[in-house]
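Heads up: the structure comes next, in structure tokens.
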Amino acid sequence: MKRIGVLTSGGDAPGMNAAIRAVVRMALSKNMEVYGIQKGYAGLLKGLFTPMNARSVSNILHSGGTVLQSSRCPEFREEAGVKKGVEMARSQGIEGLVVIGGDGSFRGARDLSLAGLPTVGVPATIDNDIACTDTTIGFDTALNTVKDAIDKIRDTAHSHERCSIIEVMGRGAGYIAAYVAIACGAEASIIPEKPFDFDKDILQRIIDGKKRGKENNLFVVAEGVGGSVEMARRIEEATGIETRAAILGHIQRGGSPTVNDRMLASRFGIHAVELLYQDKGNRVVAIKDNVIVDYDILEGLAMEKRMRDDIMGMAEILSM
Ligand code: ADP
Ligand code: F6P
């Protein structure tokens, strides 16, 4: 391929810029031209193409968000939208595309490949909800952001002997909640992957903890379960312990990417371009046991992500 495109799509994630930089510089090193496509699939349809050179991606490695910007583009779910996307790319001489985003974006990437534009997906979402990969760009940074916030909440919860309910992002997945519950010493995480019983899993735990001398309690609730404000009200009513809910929101999506996310994004970006260089499209890159691999997009999308049993059990043991 002589010319490829790169775009970011769906919810942004810290480390997307590091991935864009890797795609651009790897492509240039292979004597391929690269066009940055602004605003995801919406920009592809509108023709928002910019030729990139090595300097176009200077000074972006450390910043959150995405310099190409992102979007959610309903038109792309229709066959006509995908067909137009292929035509727009071809009109610019673009022969292959790297799509940096989540599994929704990969469905668009699959459709583009099937319609004749070889496309490679790079997993980037704070939710870590992509089945074919152990982890995604942005997950580690989001975990660290949430960890900072919860450590601060713990300080004040302890001073006031309060119970804290912290609601974190993750869409339908509980990865952020399950991991930070362990890293921040929470009593438990309440996640969509595991049914929970309010009386047994929350109230009884608080009551038992108090008998053992616990002065404050912390529960992490995934947004896919939600209802943290109502949970706080019910805990206070049932136990008499002052309880506060905090919904962390979009701070979880921003900020400078961690070293892990910069490394992952750089490795993914290089691998994605290597695939297009070898004329391979309809692939998604992934990391398995710290090795970068790739799958057919259809195969990747068909996989099912399961919460690790060891992670689920850990918070319970460690919160004694
Ligand atoms: P993410 O990529 O983070 O999962 P979304 O689910 O919002 O985010 O998907 C991003 C974009 O990908 C959508 O706005 C749409 O343009 C495209 N997309 C999502 N689902 C599909 C689909 N089933 N077919 C084609 N394109 C899709
Ligand atoms: O997919 C990333 C994510 O931040 C989810 O955790 C969350 O459910 C969603 O995006 C929020 O989307 P928006 O930024 O459109 O409100």
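Residue names in the structure tokens use chain letters A, B, ... in the order shown, residue numbers from 1 in each chain, and ligand numbers from 1 in the order shown.
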
Please check which protein, DNA or RNA residues sit within 6 Å of ligand 2, counting only C-alpha atoms and all ligand atoms, and write them as a list in words.
->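 Written in the requested form, the residues are Gly11, Thr125, Ile126, Asp127, Met169, Gly170 and Arg171 of chain A.
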
Store the residues of this selection in a file with C-alpha atoms, as a PDB file, in the first residue's frame.
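And here's selection29.pdb as it stands now:
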ATOM      1  CA  GLY A  11     -15.388   7.153  23.340  1.00  0.00           C
ATOM      2  CA  THR A 125     -11.388   2.111  25.375  1.00  0.00           C
ATOM      3  CA  ILE A 126     -11.173   2.727  29.106  1.00  0.00           C
ATOM      4  CA  ASP A 127     -13.802   0.001  29.593  1.00  0.00           C
ATOM      5  CA  MET A 169     -17.467   3.980  34.261  1.00  0.00           C
ATOM      6  CA  GLY A 170     -17.269   0.814  32.190  1.00  0.00           C
ATOM      7  CA  ARG A 171     -20.464   0.833  30.164  1.00  0.00           C
TER       8      ARG A 171
END

Report the closest atom pair, with its distance in Å rounded to one decimal, for each residue of chain A that has an atom no farther than 9 Å from ligand 1; count only C-alpha atoms and all ligand atoms, sort by chain and then rising residue number, and write it as a Markdown table.
| residue | atom | partner | partner_atom_place_in_ligand_line | distance |
| --- | --- | --- | --- | --- |
| A:Thr8 | CA | ligand 1 | 2 (O) | 8.7 |
| A:Ser9 | CA | ligand 1 | 10 (C) | 5.4 |
| A:Gly10 | CA | ligand 1 | 8 (O) | 3.4 |
| A:Gly11 | CA | ligand 1 | 3 (O) | 4.5 |
| A:Asp12 | CA | ligand 1 | 3 (O) | 7.2 |
| A:Ala13 | CA | ligand 1 | 3 (O) | 8.8 |
| A:Gly40 | CA | ligand 1 | 16 (O) | 7.7 |
| A:Tyr41 | CA | ligand 1 | 16 (O) | 5.7 |
| A:Ala42 | CA | ligand 1 | 16 (O) | 7.3 |
| A:Ser70 | CA | ligand 1 | 10 (C) | 8.7 |
| A:Ser71 | CA | ligand 1 | 14 (O) | 6.3 |
| A:Arg72 | CA | ligand 1 | 14 (O) | 3.1 |
| A:Cys73 | CA | ligand 1 | 16 (O) | 3.6 |
| A:Pro74 | CA | ligand 1 | 16 (O) | 5.1 |
| A:Glu75 | CA | ligand 1 | 16 (O) | 6.5 |
| A:Phe76 | CA | ligand 1 | 16 (O) | 4.5 |
| A:Arg77 | CA | ligand 1 | 25 (C) | 3.8 |
| A:Glu78 | CA | ligand 1 | 25 (C) | 6.8 |
| A:Glu79 | CA | ligand 1 | 25 (C) | 8.2 |
| A:Gly81 | CA | ligand 1 | 25 (C) | 8.8 |
| A:Val82 | CA | ligand 1 | 25 (C) | 7.6 |
| A:Ile100 | CA | ligand 1 | 2 (O) | 8.1 |
| A:Gly101 | CA | ligand 1 | 2 (O) | 4.6 |
| A:Gly102 | CA | ligand 1 | 2 (O) | 3.3 |
| A:Asp103 | CA | ligand 1 | 4 (O) | 4.3 |
| A:Gly104 | CA | ligand 1 | 6 (O) | 3.5 |
| A:Ser105 | CA | ligand 1 | 12 (O) | 3.5 |
| A:Phe106 | CA | ligand 1 | 2 (O) | 6.5 |
| A:Arg107 | CA | ligand 1 | 22 (C) | 4.6 |
| A:Gly108 | CA | ligand 1 | 26 (N) | 3.5 |
| A:Ala109 | CA | ligand 1 | 26 (N) | 7.3 |
| A:Arg110 | CA | ligand 1 | 25 (C) | 7.8 |
| A:Asp111 | CA | ligand 1 | 25 (C) | 6.3 |
| A:Leu112 | CA | ligand 1 | 25 (C) | 8.6 |
| A:Pro123 | CA | ligand 1 | 2 (O) | 8.6 |
| A:Ala124 | CA | ligand 1 | 3 (O) | 7.4 |
| A:Thr125 | CA | ligand 1 | 3 (O) | 5.9 |
| A:Ile126 | CA | ligand 1 | 3 (O) | 8.8 |
| A:Asp127 | CA | ligand 1 | 3 (O) | 8.6 |
| A:Asp129 | CA | ligand 1 | 4 (O) | 8.7 |
| A:Ile130 | CA | ligand 1 | 4 (O) | 8.8 |

Could those selected residues go to a file with N, CA and C atoms, as a CSV table (one decimal), in the first residue's frame?
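Contents of selection.csv, freshly written:
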chain,number,residue,atom,x,y,z
A,8,THR,N,-9.7,8.0,14.9
A,8,THR,CA,-10.1,7.5,16.2
A,8,THR,C,-11.6,7.6,16.3
A,9,SER,N,-12.3,6.6,16.9
A,9,SER,CA,-13.7,6.5,16.9
A,9,SER,C,-14.3,6.1,18.2
A,10,GLY,N,-15.5,6.5,18.5
A,10,GLY,CA,-16.2,6.1,19.8
A,10,GLY,C,-15.7,6.9,20.9
A,11,GLY,N,-15.9,6.4,22.2
A,11,GLY,CA,-15.4,7.2,23.3
A,11,GLY,C,-13.9,7.3,23.3
A,12,ASP,N,-13.3,8.5,23.6
A,12,ASP,CA,-11.9,8.6,23.5
A,12,ASP,C,-11.3,7.9,24.7
A,13,ALA,N,-9.9,7.7,24.6
A,13,ALA,CA,-9.2,7.0,25.7
A,13,ALA,C,-7.8,7.5,25.8
A,40,GLY,N,-13.5,10.7,13.5
A,40,GLY,CA,-14.0,9.4,13.3
A,40,GLY,C,-14.7,9.1,12.0
A,41,TYR,N,-15.7,8.2,12.0
A,41,TYR,CA,-16.4,7.9,10.8
A,41,TYR,C,-17.1,9.1,10.2
A,42,ALA,N,-17.6,10.0,11.1
A,42,ALA,CA,-18.3,11.2,10.6
A,42,ALA,C,-17.3,12.0,9.7
A,70,SER,N,-12.9,12.6,18.0
A,70,SER,CA,-13.6,11.3,17.8
A,70,SER,C,-15.1,11.7,17.6
A,71,SER,N,-15.9,10.7,17.3
A,71,SER,CA,-17.4,10.9,17.2
A,71,SER,C,-18.1,9.6,17.3
A,72,ARG,N,-19.4,9.7,17.5
A,72,ARG,CA,-20.3,8.6,17.3
A,72,ARG,C,-21.1,8.9,16.1
A,73,CYS,N,-21.1,8.0,15.1
A,73,CYS,CA,-21.7,8.4,13.8
A,73,CYS,C,-22.8,7.4,13.4
A,74,PRO,N,-24.1,7.7,13.7
A,74,PRO,CA,-25.1,6.7,13.5
A,74,PRO,C,-25.2,6.3,12.0
A,75,GLU,N,-24.9,7.2,11.1
A,75,GLU,CA,-25.0,7.0,9.6
A,75,GLU,C,-24.1,5.7,9.2
A,76,PHE,N,-23.1,5.5,10.0
A,76,PHE,CA,-22.2,4.4,9.6
A,76,PHE,C,-22.7,3.0,9.9
A,77,ARG,N,-23.8,3.0,10.7
A,77,ARG,CA,-24.4,1.7,10.9
A,77,ARG,C,-25.2,1.2,9.7
A,78,GLU,N,-25.5,2.1,8.8
A,78,GLU,CA,-26.2,1.8,7.5
A,78,GLU,C,-25.3,1.4,6.4
A,79,GLU,N,-25.7,0.5,5.6
A,79,GLU,CA,-24.9,0.0,4.4
A,79,GLU,C,-24.4,1.2,3.6
A,81,GLY,N,-23.9,4.3,4.4
A,81,GLY,CA,-22.9,5.0,5.0
A,81,GLY,C,-21.5,4.4,4.8
A,82,VAL,N,-21.4,3.1,5.0
A,82,VAL,CA,-20.2,2.3,4.8
A,82,VAL,C,-19.7,2.5,3.4
A,100,ILE,N,-8.9,3.3,15.4
A,100,ILE,CA,-8.5,3.2,16.8
A,100,ILE,C,-9.8,3.4,17.6
A,101,GLY,N,-10.3,2.4,18.3
A,101,GLY,CA,-11.6,2.6,19.0
A,101,GLY,C,-12.0,1.3,19.8
A,102,GLY,N,-13.3,1.3,20.1
A,102,GLY,CA,-13.8,0.2,20.9
A,102,GLY,C,-14.5,-0.8,19.9
A,103,ASP,N,-15.3,-1.7,20.5
A,103,ASP,CA,-15.9,-2.8,19.7
A,103,ASP,C,-17.0,-2.2,18.7
A,104,GLY,N,-17.6,-1.1,19.1
A,104,GLY,CA,-18.6,-0.5,18.1
A,104,GLY,C,-17.8,-0.1,16.9
A,105,SER,N,-16.7,0.6,17.1
A,105,SER,CA,-15.9,1.0,16.0
A,105,SER,C,-15.4,-0.1,15.2
A,106,PHE,N,-15.1,-1.3,15.8
A,106,PHE,CA,-14.6,-2.5,15.1
A,106,PHE,C,-15.7,-3.0,14.2
A,107,ARG,N,-17.0,-2.8,14.6
A,107,ARG,CA,-18.1,-3.3,13.7
A,107,ARG,C,-18.0,-2.4,12.4
A,108,GLY,N,-17.8,-1.1,12.5
A,108,GLY,CA,-17.6,-0.3,11.4
A,108,GLY,C,-16.4,-0.7,10.5
A,109,ALA,N,-15.3,-1.1,11.2
A,109,ALA,CA,-14.1,-1.5,10.5
A,109,ALA,C,-14.3,-2.8,9.8
A,110,ARG,N,-15.1,-3.7,10.4
A,110,ARG,CA,-15.4,-4.9,9.7
A,110,ARG,C,-16.2,-4.6,8.4
A,111,ASP,N,-17.2,-3.7,8.5
A,111,ASP,CA,-18.0,-3.4,7.4
A,111,ASP,C,-17.2,-2.8,6.3
A,112,LEU,N,-16.3,-1.9,6.6
A,112,LEU,CA,-15.4,-1.3,5.6
A,112,LEU,C,-14.6,-2.3,4.9
A,123,PRO,N,-7.5,-1.7,19.6
A,123,PRO,CA,-8.5,-1.6,20.7
A,123,PRO,C,-8.1,-0.5,21.7
A,124,ALA,N,-9.0,0.5,21.8
A,124,ALA,CA,-8.8,1.6,22.7
A,124,ALA,C,-10.1,2.0,23.3
A,125,THR,N,-10.2,1.7,24.6
A,125,THR,CA,-11.4,2.1,25.4
A,125,THR,C,-11.0,1.9,26.8
A,126,ILE,N,-11.5,2.9,27.7
A,126,ILE,CA,-11.2,2.7,29.1
A,126,ILE,C,-11.9,1.5,29.7
A,127,ASP,N,-12.9,1.0,29.0
A,127,ASP,CA,-13.8,0.0,29.6
A,127,ASP,C,-13.2,-1.4,29.6
A,129,ASP,N,-13.5,-3.7,27.6
A,129,ASP,CA,-14.5,-4.7,27.3
A,129,ASP,C,-14.4,-5.4,25.9
A,130,ILE,N,-13.2,-5.4,25.4
A,130,ILE,CA,-13.0,-6.1,24.1
A,130,ILE,C,-12.5,-7.5,24.3

Enumerate the residues of segment 39-158 of chain A with a DSSP assignment of strand (DSSP E), computed from the backbone, and present them as a list in words.
-> Phe49, Thr50, Pro51, Met52, Gly96, Leu97, Val98, Val99, Ile100, Gly101, Thr119, Val120, Gly121, Val122 and Pro123 of chain A

For Gly47 of chain A, which residue among A:Asp309, A:Glu87, A:Glu33, A:Asp155 is the nearest when counting only C-alpha atoms?
->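 Once distances to Gly47 of chain A are computed over only C-alpha atoms, the minimum belongs to A:Glu87.
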
Could you tell me how far atom CA of Val98 of chain A lies from atom CA of Arg3 of chain A, in Å and to one decimal?
->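 One can read the atom CA of Val98 of chain A to atom CA of Arg3 of chain A distance as 11.5 Å.
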
Nearest to Tyr277 of chain A, chosen from A:Met16, A:Met231, A:Leu68, A:Val120, with only C-alpha atoms counted in the distances = A:Val120

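Pairwise distance (atom CA of Asp197 of chain A, atom CA of Ser228 of chain A) equals 14.3 Å.
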
Excluding Glu187 of chain A and residues on its chain fewer than 2 positions from it, collect all residues at most 8 Å away from it, counting only C-alpha atoms, and give them as a VMD selection string.
-> chain A and resid 181 185 189 205 217 to 219 315 to 316 319

Writer output for current selection, all heavy atoms, as a short mmCIF file (atom, residue, chain, number, x, y, z; two decimals), in the first residue's frame:
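The file below, result_5.cif, is the result:
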data_model
loop_
_atom_site.label_atom_id
_atom_site.label_comp_id
_atom_site.auth_asym_id
_atom_site.auth_seq_id
_atom_site.Cartn_x
_atom_site.Cartn_y
_atom_site.Cartn_z
N ALA A 181 -11.31 -1.87 43.01
CA ALA A 181 -11.75 -2.33 44.34
C ALA A 181 -10.59 -3.03 45.04
O ALA A 181 -10.38 -2.87 46.25
CB ALA A 181 -12.95 -3.27 44.20
N GLY A 185 -8.45 -1.17 48.13
CA GLY A 185 -8.88 -1.77 49.39
C GLY A 185 -10.35 -1.58 49.70
O GLY A 185 -10.73 -1.38 50.87
N SER A 189 -16.66 -4.86 45.00
CA SER A 189 -17.13 -4.16 43.79
C SER A 189 -18.48 -4.75 43.44
O SER A 189 -18.71 -5.95 43.61
CB SER A 189 -16.14 -4.34 42.64
OG SER A 189 -16.00 -5.70 42.30
N ARG A 205 -22.20 -6.92 55.26
CA ARG A 205 -20.75 -6.70 55.26
C ARG A 205 -20.38 -5.48 56.12
O ARG A 205 -19.39 -5.49 56.85
CB ARG A 205 -20.30 -6.46 53.83
CG ARG A 205 -18.95 -7.01 53.50
CD ARG A 205 -18.68 -6.71 52.05
NE ARG A 205 -19.25 -7.73 51.20
CZ ARG A 205 -18.52 -8.67 50.59
NH1 ARG A 205 -17.22 -8.67 50.72
NH2 ARG A 205 -19.08 -9.57 49.84
N ASN A 217 -16.18 2.29 55.36
CA ASN A 217 -16.41 1.27 54.34
C ASN A 217 -16.43 1.92 52.97
O ASN A 217 -16.91 3.04 52.82
CB ASN A 217 -17.78 0.61 54.55
CG ASN A 217 -17.80 -0.27 55.77
OD1 ASN A 217 -17.38 -1.40 55.73
ND2 ASN A 217 -18.27 0.29 56.88
N LEU A 218 -15.95 1.17 52.02
CA LEU A 218 -15.88 1.70 50.66
C LEU A 218 -16.37 0.63 49.68
O LEU A 218 -15.90 -0.50 49.71
CB LEU A 218 -14.40 1.95 50.42
CG LEU A 218 -13.95 3.14 49.64
CD1 LEU A 218 -12.69 3.67 50.28
CD2 LEU A 218 -13.68 2.68 48.24
N PHE A 219 -17.34 0.98 48.85
CA PHE A 219 -17.83 0.06 47.82
C PHE A 219 -17.69 0.72 46.46
O PHE A 219 -17.99 1.91 46.31
CB PHE A 219 -19.31 -0.29 48.05
CG PHE A 219 -19.53 -1.13 49.29
CD1 PHE A 219 -19.75 -0.52 50.52
CD2 PHE A 219 -19.50 -2.51 49.22
CE1 PHE A 219 -19.93 -1.28 51.67
CE2 PHE A 219 -19.68 -3.29 50.37
CZ PHE A 219 -19.90 -2.66 51.59
N ALA A 315 -11.03 -9.23 46.16
CA ALA A 315 -11.44 -8.12 47.02
C ALA A 315 -12.05 -8.67 48.31
O ALA A 315 -11.81 -8.15 49.40
CB ALA A 315 -12.44 -7.22 46.30
N GLU A 316 -12.83 -9.74 48.15
CA GLU A 316 -13.51 -10.33 49.29
C GLU A 316 -12.50 -10.83 50.34
O GLU A 316 -12.65 -10.57 51.53
CB GLU A 316 -14.37 -11.49 48.80
CG GLU A 316 -15.32 -11.98 49.84
CD GLU A 316 -16.54 -12.63 49.21
OE1 GLU A 316 -16.77 -12.47 48.00
OE2 GLU A 316 -17.25 -13.30 49.97
N SER A 319 -10.45 -7.77 52.00
CA SER A 319 -11.13 -6.69 52.73
C SER A 319 -11.40 -7.04 54.20
O SER A 319 -12.09 -6.32 54.89
CB SER A 319 -12.44 -6.33 52.03
OG SER A 319 -13.35 -7.38 52.16
#

Name the closest residue to Ile37 of chain A among the candidates A:Ile4, A:Gly269, A:Ala302, A:Arg253; distances are taken between atoms, counting only C-alpha atoms.
-> A:Ile4

Within 8 Å of Ile292 of chain A, counting only C-alpha atoms, which residues qualify if same-chain residues fewer than 5 places away don't, as a ChimeraX atom specification?
-> /A:267-268,271,285-287

Atom CA of Gly96 of chain A to atom CA of Gln278 of chain A, straight-line distance in Å |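 A separation of 10.8 Å between them.
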
Pick out each residue of segment 88-300 of chain A that DSSP on the backbone tags as helix (DSSP H, G or I); I need them as a count of residues only.
-> 100

Spatial neighbours of segment 143-150 of chain A, 9 Å, only C-alpha atoms, chain gap at least 2 places, as an MDAnalysis selection string | chainID A and resid 126 138:141 152:155 166 168 176:177 179:181 183:184 218 248 251:255 258

Selection from above, N, CA and C atoms, as an mmCIF file, in the first residue's frame, can you write it?
data_model
loop_
_atom_site.group_PDB
_atom_site.id
_atom_site.type_symbol
_atom_site.label_atom_id
_atom_site.label_comp_id
_atom_site.auth_asym_id
_atom_site.auth_seq_id
_atom_site.Cartn_x
_atom_site.Cartn_y
_atom_site.Cartn_z
ATOM 1 N N ILE A 126 -11.463 2.877 27.669
ATOM 2 C CA ILE A 126 -11.173 2.727 29.106
ATOM 3 C C ILE A 126 -11.906 1.523 29.694
ATOM 4 N N GLY A 138 -5.941 2.841 27.321
ATOM 5 C CA GLY A 138 -6.743 3.739 28.162
ATOM 6 C C GLY A 138 -7.190 3.121 29.470
ATOM 7 N N PHE A 139 -7.242 1.791 29.508
ATOM 8 C CA PHE A 139 -7.736 1.116 30.722
ATOM 9 C C PHE A 139 -6.805 1.406 31.909
ATOM 10 N N ASP A 140 -5.515 1.259 31.697
ATOM 11 C CA ASP A 140 -4.571 1.448 32.804
ATOM 12 C C ASP A 140 -4.597 2.888 33.324
ATOM 13 N N THR A 141 -4.681 3.855 32.406
ATOM 14 C CA THR A 141 -4.724 5.261 32.835
ATOM 15 C C THR A 141 -5.998 5.534 33.628
ATOM 16 N N LYS A 152 -8.369 9.686 47.754
ATOM 17 C CA LYS A 152 -8.767 10.967 48.378
ATOM 18 C C LYS A 152 -10.085 10.813 49.135
ATOM 19 N N ILE A 153 -11.011 10.104 48.520
ATOM 20 C CA ILE A 153 -12.306 9.894 49.188
ATOM 21 C C ILE A 153 -12.086 9.100 50.481
ATOM 22 N N ARG A 154 -11.156 8.146 50.441
ATOM 23 C CA ARG A 154 -10.876 7.346 51.634
ATOM 24 C C ARG A 154 -10.409 8.227 52.800
ATOM 25 N N ASP A 155 -9.567 9.234 52.497
ATOM 26 C CA ASP A 155 -9.079 10.128 53.553
ATOM 27 C C ASP A 155 -10.248 10.743 54.326
ATOM 28 N N ILE A 166 -18.697 4.565 45.471
ATOM 29 C CA ILE A 166 -18.065 5.254 44.344
ATOM 30 C C ILE A 166 -18.481 4.586 43.049
ATOM 31 N N VAL A 168 -18.158 4.098 39.098
ATOM 32 C CA VAL A 168 -17.150 4.280 38.052
ATOM 33 C C VAL A 168 -17.703 3.866 36.693
ATOM 34 N N ILE A 176 -13.232 -1.815 35.376
ATOM 35 C CA ILE A 176 -12.647 -0.713 36.164
ATOM 36 C C ILE A 176 -13.020 -0.922 37.630
ATOM 37 N N ALA A 177 -14.282 -1.208 37.882
ATOM 38 C CA ALA A 177 -14.753 -1.383 39.264
ATOM 39 C C ALA A 177 -14.031 -2.535 39.965
ATOM 40 N N TYR A 179 -11.136 -4.020 39.313
ATOM 41 C CA TYR A 179 -9.693 -3.826 39.520
ATOM 42 C C TYR A 179 -9.416 -2.780 40.598
ATOM 43 N N VAL A 180 -10.121 -1.642 40.561
ATOM 44 C CA VAL A 180 -9.809 -0.617 41.571
ATOM 45 C C VAL A 180 -10.287 -1.031 42.955
ATOM 46 N N ALA A 181 -11.306 -1.869 43.015
ATOM 47 C CA ALA A 181 -11.751 -2.326 44.339
ATOM 48 C C ALA A 181 -10.591 -3.027 45.040
ATOM 49 N N ALA A 183 -7.248 -2.594 44.155
ATOM 50 C CA ALA A 183 -6.121 -1.650 44.298
ATOM 51 C C ALA A 183 -6.360 -0.617 45.385
ATOM 52 N N CYS A 184 -7.618 -0.340 45.698
ATOM 53 C CA CYS A 184 -7.914 0.706 46.682
ATOM 54 C C CYS A 184 -8.467 0.128 47.989
ATOM 55 N N LEU A 218 -15.950 1.173 52.017
ATOM 56 C CA LEU A 218 -15.882 1.705 50.657
ATOM 57 C C LEU A 218 -16.370 0.634 49.676
ATOM 58 N N LEU A 248 -17.914 9.329 39.578
ATOM 59 C CA LEU A 248 -16.668 9.967 39.109
ATOM 60 C C LEU A 248 -16.777 10.559 37.703
ATOM 61 N N ILE A 251 -13.945 12.464 34.289
ATOM 62 C CA ILE A 251 -12.512 12.599 34.628
ATOM 63 C C ILE A 251 -11.793 11.286 34.303
ATOM 64 N N GLN A 252 -12.549 10.193 34.306
ATOM 65 C CA GLN A 252 -11.941 8.880 34.038
ATOM 66 C C GLN A 252 -11.457 8.726 32.597
ATOM 67 N N ARG A 253 -11.932 9.581 31.705
ATOM 68 C CA ARG A 253 -11.561 9.439 30.290
ATOM 69 C C ARG A 253 -10.391 10.331 29.894
ATOM 70 N N GLY A 254 -10.002 11.278 30.787
ATOM 71 C CA GLY A 254 -8.968 12.230 30.394
ATOM 72 C C GLY A 254 -7.641 11.963 31.060
ATOM 73 N N GLY A 255 -6.711 12.889 30.838
ATOM 74 C CA GLY A 255 -5.424 12.844 31.518
ATOM 75 C C GLY A 255 -4.324 12.201 30.696
ATOM 76 N N THR A 258 -0.614 6.641 31.098
ATOM 77 C CA THR A 258 0.457 6.002 31.875
ATOM 78 C C THR A 258 1.495 5.390 30.919
#

Nearest to Gly226 of chain A, chosen from A:Glu167, A:Glu299, A:Asp289, A:Glu161, with only C-alpha atoms counted in the distances |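 Of A:Glu167, A:Glu299, A:Asp289, A:Glu161, the one nearest Gly226 of chain A is A:Glu167, counting only C-alpha atoms.
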